[in-house]
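Below is one structure, written out as structure tokens; comments come after it.
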Amino acid sequence: MKTLTDTLKAGGLILYPTDTIWGIGCDATSAEAVAKVYALKKREDSKSLVILVSDADMLARYVKAIPDVAQMLMEVNDAPMTIIYPEAEPSLASNCISEDGSIAIRIPQNEFCVNLIRRFGRPIVSTSANISGEPSPKCFEEIAPAIVSGVDCVASREYDNGGTHKASQIIKVEYDGQIKIIRQ
């Protein structure tokens with residue numbers, strides 16, 4: 001039986017519970033894998049995707065710099081928070097980076113996701129497990145059959161109860177300390 005990690009390494013798509021809601025994931029460094037996510041979600045590839053990293057050390061490898069304000073937000077925040085950093089490193093797939101060069105990254109607050117990312121060794125795409133424009137599923141039962149059948153591996157449903165069941169807040173940060181709340 002193929003594991004989530006094996007599927008990610010093979011360039012496949014996974015369906016997995018995050019610290020927020022169920023997500024579609026793939027290797028965030030593979031443009032081919034990211035293209036599969038856009039196709040499955042029927043989403044325009046001009047919209048960037050959220051990336052999950054295991055910790056601040058991994059984060060530092062995939063952004064040009066971590067603005068001081070982002071560091072402060074990470075230290076004081078106790079809810080799932082995605083930060084949009086001004087500049088991504090080119091080692092991430094170009095089709096998950098915004099047109100302005102920024103990248104949305106979250107360090108998940110649950111052991112399942114952190115361990116998955118550590119086993120894989122690279123960032124993972126995390127986008128809601130829905131067709132673009134449809135409501136985000138709060139639990140596995142709400143995921144459309146087309147999404148479930150469109151991925152290569154599905155996480156065990158025993159992890160279904162670990163998320164907040166709502167999308168993370170999104171905050172854009174700039175090098176000069178400016179912040180903009182995109183989603184609360």
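Labels for the structure tokens follow display order: chains A, B, ..., residues from 1 in each chain, ligands from 1.
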
List every residue of chain A that DSSP, applied to the backbone of this structure, places in helix (DSSP H, G or I), and write the result as an MDAnalysis selection string.
-> chainID A and resid 4:9 31:41 56:62 68:76 94:96 111:120 140:142 145:150 157:162

Can you tell me, as a list in words, what residues are no more than 8 Å from Ile24 of chain A when counting only C-alpha atoms, ignoring any on the same chain fewer than 2 positions away?
->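 Using only C-alpha atoms, the neighbours found are Leu13, Ile14, Leu15, Tyr16, Trp22, Cys26, Val37, Val125, Ser126, Thr127, Ser128, Ala129 and Val151 of chain A.
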
Which residue of A:Gly101, A:Pro17, A:Pro108, A:Pro135 approaches Asp78 of chain A most closely, using only C-alpha atoms = A:Pro108

With only C-alpha atoms counted and 7 Å as the cut-off, give the residues of segment 115-178 of chain A in contact with segment 40-44 of chain A, each with its shortest interatomic distance in Å and the pair that gives it, as JSON lines.
```
{"residue": "A:Asn130", "atom": "CA", "partner": "A:Lys41", "partner_atom": "CA", "distance": 6.3}
{"residue": "A:Ile131", "atom": "CA", "partner": "A:Lys41", "partner_atom": "CA", "distance": 4.3}
{"residue": "A:Ser132", "atom": "CA", "partner": "A:Lys41", "partner_atom": "CA", "distance": 5.4}
{"residue": "A:Ile147", "atom": "CA", "partner": "A:Leu40", "partner_atom": "CA", "distance": 6.9}
{"residue": "A:Gly150", "atom": "CA", "partner": "A:Leu40", "partner_atom": "CA", "distance": 6.5}
```

For Leu59 of chain A, the closest of A:Met74, A:Cys153, A:Ala35, A:Ala144 counting only C-alpha atoms is A:Met74

Pick from A:Ser136, A:Ser156, A:Ser149, A:Thr5, whichever lies nearest to Gly23 of chain A using only C-alpha atoms =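 Using only C-alpha atoms, Gly23 of chain A sits closest to A:Ser136.
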
Between atom CA of Ile105 of chain A and atom CA of Gln71 of chain A, distance in Å (one decimal) | 12.8 Å

When distances are computed from only C-alpha atoms, which of A:Val69, A:Ile117, A:Ile107, A:Cys139 shows the smallest separation from Asp176 of chain A?
->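 Among A:Val69, A:Ile117, A:Ile107, A:Cys139, it is A:Val69 that comes nearest to Asp176 of chain A.
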